[in-house]
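Report on the structure given below.
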Amino acid sequence: MATTFKNFTTNDQVSTRTLLHEAIPLTGTIPSGTYAEDQGGADFVETNIKNYSHGMFQSVYDYPYLSSSANHIFDLTIGVSQGSALSGASNTQNAKKCAVYNQMAQILAGHDVTGGIQKFDQDGNIVGGGTKLNEVFFMNFSRLLAKDEIKKGSFVLSMATGGMTTATGNVLSINDSGAASDYRVNSPAGEYAVLWGSDGVRHGLLYYQAGIAVVTASIFAGKHEVIGAAATPKINGGFGRPGAAYDTASVDSVFTASNISASCDGFRNRIDSISFNNTTELNSTIYFCRANHNEFNYSSNPTYITASKLRTKNVSTDTPVSYITSIGLYSADNELLAVAKLSEPLKKDPTNELTLRVRLDY
Amino acid sequence: MALYKFGQNDIFHNRIKTHPSVEFHIYDSVVYYNNHSLEPGAFVACVPNSQPGELSLYEMNVDRVSGSTTQPDIVYAFIEKGNDLASFKTVSANDFAQNYSYGDTVMKNYPLTASMHRACFTASAPRPRITSLKNTMNYYAPLSNHYSFSSSMGDKESQAVSLISIPSIFYGSSIKKGTVSLKFYVSGTLQAELQDKNRNGELIQVTGTSYATTNGDGLVAGVVLYDEGFVLLTGSWNINEDELDYLNSPSSKKRGTWFDFGVGANEGDQDAGSKTSMLPSASFSLSLSGTNYVPTMTMLAHAPKGELNYSGNPTYISYDSSVGQYTSSIEYREVSTNTIKNTVSSSYSTPDPTFEKQVFITKVGIYDENKNLIGIASTASPVRKKENQDYTFKLKLDF
């Protein structure tokens, strides 16, 4: 037990920040395929996909969500701006598609000076105008995966834009390469960067702290074609859920004539892989505890004395010896706040000096 | 938006004491935690990528396979070596200094797991793990003589003893006294049971077959270290008549004793007498309750009468009002003629009901002393507040 307190000086404390990362690989078989159960007909049930009665988004799990082992990995939805050609009062769930777009845009892009909602800008240069993203998919990654933020420059989304039947021939890789040094800060939700395709075209935006990827629906545009006889068409690049009636449709028609979940199904089934690294900030304070040569050479431990003599001294001229096993950190009013334990006792006598480095993570 | 300071009687600090229930069942050298079964997945034999008796930190790698290119690969952690010299505990100091350059990636594989563990020591076998508990055991000797490391009741330095270790992640701060129960089954039949019925750490045989009762009813078979999460078993009397292979030696079959409790439970990395192969006819159950403390803070946020009757929400003013403002080098002035939207409910569509100022409170923000927003409490449904009403919102925060 300590009987001597030493005050820390400014040179004895230093604060550091360590970035801990995790590599998150998501193969396309997780969001579609692996946990699909054939119901005996053309359709099947994907047990790791949760759709809600409100129909505004669907949740993707890494395992059938009725199991306690399952983790929620991301939510998927679509949004259509009110100025989009795919927005119309007679379209299916049009109001909800517009509401989702506006809600996400308010959070991620913010408002202009008149209070209007900013649209997603293709290059992030809102002031400069330019192309707006009017029909988009939103991937909201769970906190479990994104942690404090997605690591800049690590995100890769590989999409089979041509459809299931020709998936391997139409893979488009979308990534945020170069974002480590080239990112935007004009979003109320934090930093974001442009998602570039392997075709050299901007295909969306990635919000790092929010953990949200905004991917334009145009990656599927023009990839749809029906080949073969009209009576028995073969679909090359249809957009929709395999086996469903709208499988032959283009992305435009699914956006306008089908529910949000149908677009989500189509998107999910075309994910080839997703990978990114997340970041967790570990803040630490390091305390350098210094024991000078003439300090901490005695102990107030009851076992330090035997027969009214110091146990470690045989004759009076012997130097005192102690063994340091713990370090207590005290508040300004001498309340014990924390105790640091050594892996083994350290011998301390007047011939040596020790500096013990105590690290406190929070 | 108005800011109010919490008064002296508006913040309470409390601590909730919880008692999580823990049960380990050991059968066929496999430990089951709280009756979780082996759950086969599409790619792995056990979905959480850990055994059913293990707790997996973060529980990230669900149904994933390490190193596969066609199946879901595992999530792993990494850190880049920098000036702060931060690393993982699994990397030795020498390895970190010599084999990693600045900027190199240091990897740590998941899952990180914890489970109960058994170590047994036959008579006179070396036992560093037992010896390291000598001071702790003697510290508790005033509770019971059975804690004494060496006494007339036995010398734990040399007698046959088995040590069951339970990580604190299962029980919290300490094991609750009086809740520990050990059951010894053979072919599904309970042979004998130990309980710490006196709440002093002594594990006393309380029930069993007539054979076990005759041999050891009321005897102390071991002790529990509640704060440290250890169970030491020394009971050497027979509790079942059938001879089984407890020592992993078919030629040395014997009758079961409390020393044999938990054979096969995550052992095998050390120590004489350990067993890793199957013992299908015997099974064991260890149940206890932990003690875990959850610090809580309760805050009372008051919405006084006559205050908080205005909203800064743009929809608070009438739709036809202008939200513009006048700015010049000497003036900033917002439109002062805006009218507040009348939200008072009426049974009729026309005429409008008499105007009354009211707001709908949906959130309470908590700010620190520097006016940084540090927390938001949302109400389940908007709370209507009129000028002549006051409300108190009770916010509770668990740490």
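By convention here, the chains of the structure tokens are called A, B, ... in the order presented, each chain's residues are numbered starting at 1, and ligands are numbered starting at 1 in the order presented.
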*asked:* Please extract the residues of range 79-295 of chain A with a backbone DSSP assignment of alpha helix (DSSP H) and present them as a ChimeraX atom specification.
replied: /A:94-108,143-146,251-257,260-268
*Which residues come within 12 Å of Asn283 in chain A, counting only C-alpha atoms, excluding same-chain residues fewer than 3 positions away, as a ChimeraX atom specification?*
/A:14-20,280,286,359-362 /B:84,86
*Would you kindly report the residues of chain A within 6 Å of chain B, using only C-alpha atoms, as a list of chain:residue names?*
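For chain A, the answer reads A:Leu20, A:His21, A:Glu22, A:Ala23, A:Ile24, A:Thr27.
Compared by their closest atoms to Ala217 in chain A, and using only C-alpha atoms, the residues A:Cys289, A:Ala179, A:Leu86, A:Leu354 rank with A:Leu86 nearest.
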Considering only strand (DSSP E or B) as DSSP defines it on the backbone, what residues of range 80-181 of chain A qualify? List them as a CSV table (one decimal) with C-alpha atoms, in the first residue's frame.
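File states-v2.csv, as written:
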```
chain,number,residue,atom,x,y,z
A,80,VAL,CA,-36.0,8.7,-56.1
A,111,HIS,CA,-30.1,22.0,-46.9
A,117,ILE,CA,-33.1,19.8,-49.5
A,120,PHE,CA,-26.8,14.1,-54.0
A,121,ASP,CA,-24.1,15.6,-56.2
A,132,LYS,CA,-27.2,15.1,-59.5
A,133,LEU,CA,-27.9,11.6,-58.5
A,135,GLU,CA,-32.2,7.5,-58.6
A,136,VAL,CA,-30.0,5.8,-56.0
A,137,PHE,CA,-29.6,2.7,-53.9
A,138,PHE,CA,-28.7,3.3,-50.2
A,139,MET,CA,-26.6,0.8,-48.3
A,140,ASN,CA,-26.6,1.6,-44.6
A,141,PHE,CA,-23.9,-0.5,-43.0
A,147,LYS,CA,-17.6,1.0,-36.2
A,149,GLU,CA,-15.9,5.0,-39.6
A,150,ILE,CA,-15.1,3.2,-42.8
A,156,VAL,CA,-14.7,-2.0,-52.9
A,157,LEU,CA,-18.2,-3.0,-54.1
A,158,SER,CA,-18.2,-5.5,-57.0
A,159,MET,CA,-21.5,-5.6,-58.8
A,160,ALA,CA,-22.8,-7.9,-61.6
A,171,VAL,CA,-18.8,-7.2,-63.1
A,172,LEU,CA,-18.3,-3.6,-62.3
A,173,SER,CA,-16.0,-2.7,-59.5
A,174,ILE,CA,-16.9,0.4,-57.6
A,175,ASN,CA,-14.4,1.8,-55.1
```
*Could you jot down the CA of Asn342 in chain B to CA of Cys98 in chain A separation for me, Å, one decimal place?*
27.2 Å
*Contacts of Lys50 in chain A at 7 Å or less, counting only C-alpha atoms, minus same-chain residues fewer than 5 places along, as a list of chain:residue names?*
A:Gln58, A:Ser59, A:Val60
_12 Å contact set for Ile175 in chain B, only C-alpha atoms, chain neighbours under 5 positions out, as a VMD selection string_ = chain B and resid 18 to 22 166 to 170 180 to 181 196 199 to 201 224 to 231 287 to 292
Output C-alpha atoms for every residue in the selection just made, as a compact mmCIF listing (two decimals), in the first residue's frame.
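What follows is the written file selection_15.txt:
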```txt
# COMPACT_ATOMS: atom_id res chain seq x y z
CA THR B 18 -27.86 -8.18 -11.54
CA HIS B 19 -27.41 -11.92 -11.14
CA PRO B 20 -26.81 -13.58 -14.51
CA SER B 21 -27.53 -17.28 -14.52
CA VAL B 22 -24.75 -19.52 -15.79
CA ILE B 166 -14.49 -19.79 -14.81
CA PRO B 167 -13.64 -16.54 -16.61
CA SER B 168 -15.23 -13.45 -15.09
CA ILE B 169 -16.97 -12.58 -18.37
CA PHE B 170 -19.51 -15.24 -17.40
CA VAL B 180 -23.16 -22.94 -6.89
CA SER B 181 -24.33 -26.42 -7.75
CA ASP B 196 -22.50 -24.30 -1.24
CA ARG B 199 -22.67 -19.75 1.64
CA ASN B 200 -19.17 -19.96 3.04
CA GLY B 201 -17.55 -21.57 0.01
CA VAL B 224 -15.34 -22.10 -4.26
CA LEU B 225 -13.34 -18.91 -4.66
CA TYR B 226 -16.24 -16.56 -5.33
CA ASP B 227 -14.37 -13.44 -6.35
CA GLU B 228 -11.70 -15.22 -8.35
CA GLY B 229 -13.94 -17.69 -10.20
CA PHE B 230 -12.29 -20.96 -9.18
CA VAL B 231 -13.67 -24.24 -7.90
CA SER B 287 -24.54 -24.01 -12.42
CA LEU B 288 -24.15 -20.72 -10.60
CA SER B 289 -25.35 -17.14 -10.56
CA GLY B 290 -23.02 -14.23 -11.00
CA THR B 291 -23.12 -10.76 -9.54
CA ASN B 292 -22.81 -7.93 -12.00
```
*asked:* Please report the interatomic distance between CA of Thr379 in chain B and CA of Leu395 in chain B in Å with one decimal.
replied: 10.1 Å
